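Scroll down for the structure; my scribbles are underneath it.
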Amino acid sequence: MSSILVQVIVGGLLLGAVYALFSSGLTLIWGMMNIVNFAHGDFVMLGMYVAFVVWTVLGVGPFVGAPVAALVLATLGIIVYFGLIRSVMKGPMLAQILGTFGLALLLRYSVFWGFGANFLTLPGDLVGGTYDVLGIKLQASRLLAGVVALLVTLGLHLLLTRTSLGSKMLAVSEDATAAQLMGIRPDGMQAIAWAIAAGATGLAGALIATFFYISPTVGETLGIVAFVTVSLGGFGSVPGALVAGLLIGVIESVSAYWIGAVYKDIVVYTLFLCFLWFRPQGLMGKM
Amino acid sequence: MRRFIWPLIALAIVIVYPLVFTTPFQQRLGALILLYAIAASAWNIVGGYAGQVSVGHVVFFGCGAYASMAAYSHFGLPPLVGIPAGVAVAVLIAAVIGVPTLRLSGHYFSMATIAVAELARLIVTNMEVLGAAVGLSGPTVPRTVFDLSFISALPYYYLFLAVLLVTLGITWWMTNSRMGFYLRAIKDSERAARSLGAPASRTKLYAFMLSAGLTAVAGALYAMMFGFVDPDSGFGILISVKMLIMAALGGAGLLFGPLVGAAILVPLEEISNNLLGGKGAGLTFVVYGAIIVIIARFQPGGILALINRLLDRRKPSATAKGASNAP
């Protein structure tokens, strides 16, 4: 294997870790409430803009920007849950889909209105330069994003499986009424799930913003990436999202390298549709 | 007979409108309302009546638009001739993506259709034969009347009105046929419908294909009126969004819902674009997004369902005909 290919694969894995991070938010909400957040990609986009604003106003990089973005988005998640999701969940399916879809438009075009359609970027050397590890060139920003995303995703998995909060959330997703009888407030748990999911997108957005273009419509592309990741990994499965996210990162990078950058999305979407045909429950999910 | 009075009055108003409001802007506005009403009514068949919220309907719209323009630019034929080909391709695509995706639960179906739409847009943007990023144009100067290339919006208005009437007629016929009963049963509870012997998968697929074909016609009409099509105007996700929001605002699953939605939203968009220029496009979609959120949150049945409910409350003798579609 040529060293360029190795470098492409490593780059794909690092990007894939970020995909896994924001996709695990989508899968968490789906697993708990059977709702797909169509604004999920736009949450990531907001995270990117928060990081950008933090850099423009305070002049500091992702070490401040990422926590701020996570907090801002987590707050937004709670507001969205209590303001919109809690009531549309009781309504017909059309309302559920329309609700988050409308939210996506609202967020996307508010940012468009405020910041304009131009592509923004953060300075390339915000997180340090490029390192040479065993002949592989690694950008510090990508390395930081990938490693942090990987750790946070694993941490999220541990939170959901090893802590009492995770058990409570699981209880609510299994049977909200039964959980309520056991003294767990479903409302509270679902609000926490939205805070975690949206916080993860904010963090992912701020991390990815250090090396990705920032534009109001980037959420559309990233949203589809999240859908593909979640359906590949199985709805409701964080480990599934992690594996699928890494896989998609690698597939994207390798197809961009072999076939051409414009075709990488085509490859991923086609893969998604093939998957729908043959294994709609995903790699690790059960139907 | 009384149930036909209001539709007949509405029809009379629609026929007379361009003769009363004669400025080019007003006639163009009327034509656009009817055009979007056609597309939204087509969406309504699968999104409203079958309850499958497709966000990828722009794929079928694009098939029609590109087929009509390709008929002109590749073969020198009137764009009209491309319509059957566009409809055929749209119905075929609907069958191919409908078979796997309609098995999936509602949210999953919506996600899959978004991915299909994005895939189609990317493929078309990279296809030289379809003009890649530039797109295709229609005849700049009409050679015969069959080119359907007019300067005034008036001929388009009546053409679109005729197509809309056919679309609504097909929808009405469908709802009163066996298929309509199946669809209603499936929308209420697919499991119950299946267990009573309704062929759920096949019925949903037929509705999807019918809807796709009609959407392709709308796409072709759009391309003929504007004289060109490019990847964004043919396959941009926002076109799907417009169909969806117009149907939902007026009343998804109600015959005249999409028309009501289009009659509210198209003027809103045209006027805000006129007042605010290019930057208005962004604000229009902020308003669109807010409207969708508000409908979903407070009135998922749409405006017509609300009106029906208010009317039913006023005269309790009336059967809850319209409201039965509302949740």
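Letters A, B, ... go to the chains of the structure tokens in the order shown; residues in each chain start at 1; ligands are counted from 1 in the same order.
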
Please, which residues in chain A fall within 9 Å of chain B when counting only C-alpha atoms, and what is the closest atom pair and distance in Å to one decimal for each, ordered by chain then residue number, as JSON lines?
```
{"residue": "A:Asn34", "atom": "CA", "partner": "B:His107", "partner_atom": "CA", "distance": 8.5}
{"residue": "A:Ile35", "atom": "CA", "partner": "B:His107", "partner_atom": "CA", "distance": 7.2}
{"residue": "A:Val36", "atom": "CA", "partner": "B:His107", "partner_atom": "CA", "distance": 6.2}
{"residue": "A:Phe38", "atom": "CA", "partner": "B:Met111", "partner_atom": "CA", "distance": 8.3}
{"residue": "A:Gly83", "atom": "CA", "partner": "B:Arg297", "partner_atom": "CA", "distance": 8.6}
{"residue": "A:Leu84", "atom": "CA", "partner": "B:Arg297", "partner_atom": "CA", "distance": 6.2}
{"residue": "A:Ile85", "atom": "CA", "partner": "B:Arg297", "partner_atom": "CA", "distance": 8.3}
{"residue": "A:Ser87", "atom": "CA", "partner": "B:Arg297", "partner_atom": "CA", "distance": 6.5}
{"residue": "A:Val88", "atom": "CA", "partner": "B:Arg297", "partner_atom": "CA", "distance": 5.7}
{"residue": "A:Gly91", "atom": "CA", "partner": "B:Pro300", "partner_atom": "CA", "distance": 7.5}
{"residue": "A:Pro92", "atom": "CA", "partner": "B:Pro327", "partner_atom": "CA", "distance": 6.6}
{"residue": "A:Met93", "atom": "CA", "partner": "B:Gly106", "partner_atom": "CA", "distance": 7.2}
{"residue": "A:Leu94", "atom": "CA", "partner": "B:Val53", "partner_atom": "CA", "distance": 6.6}
{"residue": "A:Ala95", "atom": "CA", "partner": "B:Ala296", "partner_atom": "CA", "distance": 4.5}
{"residue": "A:Gln96", "atom": "CA", "partner": "B:Ala296", "partner_atom": "CA", "distance": 7.0}
{"residue": "A:Ile97", "atom": "CA", "partner": "B:His107", "partner_atom": "CA", "distance": 6.9}
{"residue": "A:Leu98", "atom": "CA", "partner": "B:Ala296", "partner_atom": "CA", "distance": 5.9}
{"residue": "A:Gly99", "atom": "CA", "partner": "B:Val293", "partner_atom": "CA", "distance": 4.8}
{"residue": "A:Thr100", "atom": "CA", "partner": "B:Val293", "partner_atom": "CA", "distance": 7.3}
{"residue": "A:Phe101", "atom": "CA", "partner": "B:Gly289", "partner_atom": "CA", "distance": 7.7}
{"residue": "A:Gly102", "atom": "CA", "partner": "B:Gly289", "partner_atom": "CA", "distance": 4.2}
{"residue": "A:Leu103", "atom": "CA", "partner": "B:Gly289", "partner_atom": "CA", "distance": 6.0}
{"residue": "A:Ala104", "atom": "CA", "partner": "B:Gly289", "partner_atom": "CA", "distance": 7.2}
{"residue": "A:Leu105", "atom": "CA", "partner": "B:Gly289", "partner_atom": "CA", "distance": 4.8}
{"residue": "A:Leu106", "atom": "CA", "partner": "B:Gly289", "partner_atom": "CA", "distance": 4.4}
{"residue": "A:Leu107", "atom": "CA", "partner": "B:Val286", "partner_atom": "CA", "distance": 7.6}
{"residue": "A:Arg108", "atom": "CA", "partner": "B:Val286", "partner_atom": "CA", "distance": 7.9}
{"residue": "A:Tyr109", "atom": "CA", "partner": "B:Val286", "partner_atom": "CA", "distance": 5.2}
{"residue": "A:Ser110", "atom": "CA", "partner": "B:Val286", "partner_atom": "CA", "distance": 5.9}
{"residue": "A:Val111", "atom": "CA", "partner": "B:Gly282", "partner_atom": "CA", "distance": 8.9}
{"residue": "A:Phe112", "atom": "CA", "partner": "B:Gly282", "partner_atom": "CA", "distance": 6.2}
{"residue": "A:Trp113", "atom": "CA", "partner": "B:Gly282", "partner_atom": "CA", "distance": 5.6}
{"residue": "A:Gly116", "atom": "CA", "partner": "B:Lys279", "partner_atom": "CA", "distance": 8.7}
{"residue": "A:Thr221", "atom": "CA", "partner": "B:Glu118", "partner_atom": "CA", "distance": 8.7}
{"residue": "A:Ile224", "atom": "CA", "partner": "B:Ala115", "partner_atom": "CA", "distance": 6.6}
{"residue": "A:Phe227", "atom": "CA", "partner": "B:Met111", "partner_atom": "CA", "distance": 6.8}
{"residue": "A:Val228", "atom": "CA", "partner": "B:Ala115", "partner_atom": "CA", "distance": 8.5}
{"residue": "A:Ser231", "atom": "CA", "partner": "B:Tyr108", "partner_atom": "CA", "distance": 8.5}
{"residue": "A:Val262", "atom": "CA", "partner": "B:Asn126", "partner_atom": "CA", "distance": 8.3}
{"residue": "A:Tyr263", "atom": "CA", "partner": "B:Leu122", "partner_atom": "CA", "distance": 8.2}
{"residue": "A:Asp265", "atom": "CA", "partner": "B:Leu119", "partner_atom": "CA", "distance": 7.8}
{"residue": "A:Ile266", "atom": "CA", "partner": "B:Leu119", "partner_atom": "CA", "distance": 5.9}
{"residue": "A:Tyr269", "atom": "CA", "partner": "B:Leu119", "partner_atom": "CA", "distance": 6.2}
{"residue": "A:Thr270", "atom": "CA", "partner": "B:Leu119", "partner_atom": "CA", "distance": 7.4}
{"residue": "A:Phe272", "atom": "CA", "partner": "B:Ala115", "partner_atom": "CA", "distance": 8.0}
{"residue": "A:Leu273", "atom": "CA", "partner": "B:Ala112", "partner_atom": "CA", "distance": 7.3}
{"residue": "A:Leu276", "atom": "CA", "partner": "B:Pro100", "partner_atom": "CA", "distance": 6.4}
{"residue": "A:Trp277", "atom": "CA", "partner": "B:Pro100", "partner_atom": "CA", "distance": 5.1}
{"residue": "A:Phe278", "atom": "CA", "partner": "B:Pro100", "partner_atom": "CA", "distance": 8.3}
{"residue": "A:Pro280", "atom": "CA", "partner": "B:Leu104", "partner_atom": "CA", "distance": 7.7}
```

message: Run DSSP on the backbone and tell me which residues of range 43-248 of chain A come out as strand (DSSP E or B); list them as number ranges by chain.
response: A: 120, 130-133, 136-139, 214

- prompt: Could you pull the residues within 12 Å of Arg28 in chain B, counting only C-alpha atoms, minus those fewer than 5 positions along the same chain, as a list in words?
  reply: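 Neighbouring residues, sequence-local ones excluded: Tyr17, Pro18, Phe21, Thr22, Thr23, Ile33, Leu34, Leu35, Phe150, Ile151, Ser152, Ala153, Leu154, Pro155, Tyr156, Tyr157, Tyr158, Phe160, Met225, Phe226, Val266, Pro267 and Glu270 of chain B.
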
task: For range 162-170 of chain A, work out the shell of residues within 10 Å, counting only C-alpha atoms and skipping chain neighbours fewer than 5 positions away, then give it as a list in words.
output: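 Here the qualifying residues turn out to be Leu28, Gly31, Met32, Gly155, Leu156, His157, Asp175, Ala176, Ala179, Met182, Gly183, Ile184, Arg185, Pro186, Gly188, Met189, Gln190, Ile192 and Ala193 of chain A.
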
How would the residues just chosen look if you wrote them out with N, CA and C atoms as a PDB file, in the first residue's frame?
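Listed below is the output, part21.pdb:
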```
ATOM      1  N   LEU A  28     -29.295   8.413  19.130  1.00  0.00           N
ATOM      2  CA  LEU A  28     -29.795   8.433  20.514  1.00  0.00           C
ATOM      3  C   LEU A  28     -31.253   8.882  20.554  1.00  0.00           C
ATOM      4  N   GLY A  31     -33.465   6.272  19.022  1.00  0.00           N
ATOM      5  CA  GLY A  31     -33.613   5.125  19.897  1.00  0.00           C
ATOM      6  C   GLY A  31     -34.567   5.408  21.046  1.00  0.00           C
ATOM      7  N   MET A  32     -34.532   6.648  21.560  1.00  0.00           N
ATOM      8  CA  MET A  32     -35.378   6.950  22.708  1.00  0.00           C
ATOM      9  C   MET A  32     -36.800   7.293  22.335  1.00  0.00           C
ATOM     10  N   GLY A 155     -17.207   7.885  25.287  1.00  0.00           N
ATOM     11  CA  GLY A 155     -17.720   8.336  26.574  1.00  0.00           C
ATOM     12  C   GLY A 155     -19.243   8.325  26.599  1.00  0.00           C
ATOM     13  N   LEU A 156     -19.841   8.732  25.480  1.00  0.00           N
ATOM     14  CA  LEU A 156     -21.299   8.737  25.370  1.00  0.00           C
ATOM     15  C   LEU A 156     -21.840   7.317  25.501  1.00  0.00           C
ATOM     16  N   HIS A 157     -21.153   6.392  24.854  1.00  0.00           N
ATOM     17  CA  HIS A 157     -21.574   4.995  24.935  1.00  0.00           C
ATOM     18  C   HIS A 157     -21.501   4.498  26.385  1.00  0.00           C
ATOM     19  N   ASP A 175     -40.072   1.767  27.839  1.00  0.00           N
ATOM     20  CA  ASP A 175     -41.482   1.916  28.160  1.00  0.00           C
ATOM     21  C   ASP A 175     -41.642   3.144  29.066  1.00  0.00           C
ATOM     22  N   ALA A 176     -42.076   4.242  28.464  1.00  0.00           N
ATOM     23  CA  ALA A 176     -42.116   5.508  29.200  1.00  0.00           C
ATOM     24  C   ALA A 176     -43.067   5.437  30.391  1.00  0.00           C
ATOM     25  N   ALA A 179     -41.567   3.404  33.200  1.00  0.00           N
ATOM     26  CA  ALA A 179     -40.492   4.169  33.818  1.00  0.00           C
ATOM     27  C   ALA A 179     -41.066   5.220  34.761  1.00  0.00           C
ATOM     28  N   MET A 182     -41.918   3.930  37.984  1.00  0.00           N
ATOM     29  CA  MET A 182     -40.742   3.662  38.814  1.00  0.00           C
ATOM     30  C   MET A 182     -40.123   4.962  39.334  1.00  0.00           C
ATOM     31  N   GLY A 183     -40.775   6.081  39.076  1.00  0.00           N
ATOM     32  CA  GLY A 183     -40.285   7.352  39.589  1.00  0.00           C
ATOM     33  C   GLY A 183     -39.280   8.043  38.687  1.00  0.00           C
ATOM     34  N   ILE A 184     -39.266   7.693  37.404  1.00  0.00           N
ATOM     35  CA  ILE A 184     -38.392   8.395  36.462  1.00  0.00           C
ATOM     36  C   ILE A 184     -39.268   9.307  35.618  1.00  0.00           C
ATOM     37  N   ARG A 185     -38.858  10.582  35.492  1.00  0.00           N
ATOM     38  CA  ARG A 185     -39.674  11.486  34.681  1.00  0.00           C
ATOM     39  C   ARG A 185     -39.277  11.356  33.218  1.00  0.00           C
ATOM     40  N   PRO A 186     -40.167  10.814  32.357  1.00  0.00           N
ATOM     41  CA  PRO A 186     -39.812  10.653  30.947  1.00  0.00           C
ATOM     42  C   PRO A 186     -39.447  11.985  30.305  1.00  0.00           C
ATOM     43  N   GLY A 188     -38.097  14.627  31.604  1.00  0.00           N
ATOM     44  CA  GLY A 188     -36.753  15.047  31.990  1.00  0.00           C
ATOM     45  C   GLY A 188     -35.700  14.263  31.232  1.00  0.00           C
ATOM     46  N   MET A 189     -35.899  12.935  31.159  1.00  0.00           N
ATOM     47  CA  MET A 189     -34.910  12.093  30.476  1.00  0.00           C
ATOM     48  C   MET A 189     -34.825  12.438  28.994  1.00  0.00           C
ATOM     49  N   GLN A 190     -36.005  12.672  28.373  1.00  0.00           N
ATOM     50  CA  GLN A 190     -35.992  12.982  26.947  1.00  0.00           C
ATOM     51  C   GLN A 190     -35.361  14.338  26.700  1.00  0.00           C
ATOM     52  N   ILE A 192     -32.983  15.560  28.531  1.00  0.00           N
ATOM     53  CA  ILE A 192     -31.542  15.330  28.661  1.00  0.00           C
ATOM     54  C   ILE A 192     -30.992  14.711  27.379  1.00  0.00           C
ATOM     55  N   ALA A 193     -31.746  13.761  26.810  1.00  0.00           N
ATOM     56  CA  ALA A 193     -31.306  13.149  25.553  1.00  0.00           C
ATOM     57  C   ALA A 193     -31.137  14.206  24.472  1.00  0.00           C
TER      58      ALA A 193
END
```

message: as a ChimeraX atom specification, please: every residue in range 91-263 of chain B that a backbone DSSP assignment puts in alpha helix (DSSP H).
response: /B:91-101,106-125,154-175,178-188,190-195,200-226,231-235,237-250,257-263

message: Give me, as a ChimeraX atom specification, all polymer residues having an atom no more than 12 Å from Gly197 in chain B, counting only C-alpha atoms and skipping those fewer than 5 positions away in the same chain.
response: /B:182,185-186,190-192,202-203

- request: Grab the CA of Leu11 in chain B to CA of Gln26 in chain B distance for me, in Å with one decimal place.
  value: 17.7 Å

task: May I have the residues within 10 Å of range 48-64 of chain A as a VMD selection string, using only C-alpha atoms and disregarding those fewer than 6 positions away in the same chain?
output: chain A and resid 42 70 72 to 73 111 115 120 to 123 125 to 127 141 144 to 145 201 to 210 212 to 216 218 to 219

- prompt: What is the distance between CA of Ile45 in chain B and CA of Thr171 in chain B, in Å to one decimal?
  reply: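 Going from CA of Ile45 in chain B over to CA of Thr171 in chain B, I get 6.8 Å.
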
task: Mind checking which residues fall within 9 Å of Ala262 in chain B, counting only C-alpha atoms, ignoring those fewer than 3 positions away in the same chain, and posting them as a list of chain:residue names?
output: B:Leu32, B:Ile33, B:Leu34, B:Leu35, B:Tyr36, B:Ala37, B:Ala40, B:Lys242, B:Met243, B:Ile245, B:Met246, B:Ala247, B:Leu249, B:Gly250, B:Gly257, B:Pro258, B:Leu259, B:Leu265, B:Val266, B:Pro267

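Nearest-residue note for Thr217 in chain A: choosing from A:Leu242, A:Leu46, A:Met33, A:Leu14, the minimum distance belongs to A:Leu46, counting only C-alpha atoms.
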